[in-house]
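K.L.:
Got a structure for you, written out below as structure tokens; questions coming shortly.
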Amino acid sequence: MLQFQAGTLRQYMQVTRYRHEWAIKREQTKTHPLLAHMENALKDNKMSSIKGLLSAGKRLTYEEKEYLRRHDPALYHQAVSIEEEQRSFRRAMERCKTKDEVHWLYFEKTAQYADETSRVFKSSMPIAAKKTQMQYVGARDAAMREAYLNFKSDGKYSRLPTEQELINKKRLEEARKQKEEQNKLDKKIQERRDLERIRKYKRGKP
């Protein structure tokens, strides 16, 4: 009986020791320098990929924005701001009546970003802050260009007339109205002439 209890106790202690050793190894694996380096490299690659998408004017997925929100809140807020500005720009283009208005709207946006970049460059803020701000302006510019190109490939844009087409249409409409008015006038003149001939005929009739 005593031998059985001693054997059971040894087994229990051995299992407990194995558990502790396994827990220690698992904790060491988590904090292993090589593994930590690999995790940091993956994070850097993920962040670089997202920054590349932003600088190219591409819209981020929900997962990418959530990653930014957790790891770089400042850049996350910039991404959300750019997305909202892009949506607003799209709505503005949809309100345009001609292709020329769309082009002019994009030109104004481009000029706005060029002016902002110039002001940041000439400002007295630190170099690092300048770089961050200019990257933000560049990302906004790229996002608006992306929205502009996407809108141009949309069917709604292709149905918009140009300013010259509107002018030509207006001229044709005015010419049509003038012709209609002239036809009405000619018809009245002809009716008077016919009436006058009838009167002369009646006066000359015995």
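Chains: A, B, ... in order of the structure tokens. Residues: from 1 per chain. Ligands: from 1, in order shown.
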So that I can see what lies close to Glu116 in chain A, please list as a list in words the residues with an atom at most 12 Å from it, counting only C-alpha atoms and leaving out residues fewer than 5 positions away in the same chain.
P.N.:
Lys109, Thr110, Ala111, Phe121, Lys122, Ser123, Lys130, Gln133, Met134, Gln135, Tyr136, Val137, Gly138, Arg140 and Asp141 of chain A
K.L.:
Dump C-alpha atoms for the selected residues as a PDB file, in the first residue's frame?
P.N.:
```
ATOM      1  CA  LYS A 109      -8.200  69.960 -56.245  1.00  0.00           C
ATOM      2  CA  THR A 110      -4.748  69.443 -57.752  1.00  0.00           C
ATOM      3  CA  ALA A 111      -3.975  73.153 -57.439  1.00  0.00           C
ATOM      4  CA  PHE A 121       7.628  73.197 -47.396  1.00  0.00           C
ATOM      5  CA  LYS A 122       8.089  76.909 -46.611  1.00  0.00           C
ATOM      6  CA  SER A 123       6.853  76.586 -43.024  1.00  0.00           C
ATOM      7  CA  LYS A 130       7.097  68.511 -42.713  1.00  0.00           C
ATOM      8  CA  GLN A 133       2.418  66.483 -43.501  1.00  0.00           C
ATOM      9  CA  MET A 134       3.639  66.384 -47.094  1.00  0.00           C
ATOM     10  CA  GLN A 135       3.061  62.618 -47.224  1.00  0.00           C
ATOM     11  CA  TYR A 136      -0.488  63.233 -45.993  1.00  0.00           C
ATOM     12  CA  VAL A 137      -1.114  65.848 -48.701  1.00  0.00           C
ATOM     13  CA  GLY A 138       0.397  63.511 -51.291  1.00  0.00           C
ATOM     14  CA  ARG A 140      -4.916  62.977 -50.494  1.00  0.00           C
ATOM     15  CA  ASP A 141      -3.834  64.050 -53.963  1.00  0.00           C
TER      16      ASP A 141
END
```
K.L.:
Can you pull out every residue within 10 Å of Gly52 in chain A, counting only C-alpha atoms, but drop anything in the same chain fewer than 6 positions away, and send it as a list in words?
P.N.:
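After dropping sequence-adjacent residues, the list is Lys46, Lys58 and Ala139 of chain A.
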K.L.:
Can you tell me which residues surround Tyr148 in chain A at a distance of at most 12 Å, considering only C-alpha atoms, apart from same-chain residues fewer than 2 positions away, and format the answer as a ChimeraX atom specification?
P.N.:
/A:57,86-94,99,102-107,109-110,141-146,150-154,157
K.L.:
Just to confirm, what's the straight-line distance from CA of Ala129 in chain A to CA of Glu63 in chain A in Å (one decimal)?
P.N.:
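Pair CA of Ala129 in chain A / CA of Glu63 in chain A returns 27.3 Å.
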K.L.:
Using CA of Ala74 in chain A and CA of Lys51 in chain A as the two end points, give the distance in Å to one decimal.
P.N.:
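So the answer is 12.5 Å.
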K.L.:
What is the distance between CA of Ile50 in chain A and CA of Ala128 in chain A, in Å to one decimal?
P.N.:
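Spanning CA of Ile50 in chain A to CA of Ala128 in chain A is a straight-line distance of 19.8 Å.
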K.L.:
With only C-alpha atoms as the counted atoms, please give the residues lying no more than 9 Å from Met47 in chain A, apart from itself and same-chain residues fewer than 5 positions off, as a list in words.
P.N.:
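Listing them by chain and then by number gives Leu42, Gly52, Tyr67, Leu68, His71 and Asp72 of chain A.
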K.L.:
Could you tell me which of A:Leu166, A:Leu185, A:Ala147, A:Ile198 comes closest to Glu85 in chain A if we count only C-alpha atoms?
P.N.:
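Answer, going by the shortest atom-to-atom distance: A:Ala147.
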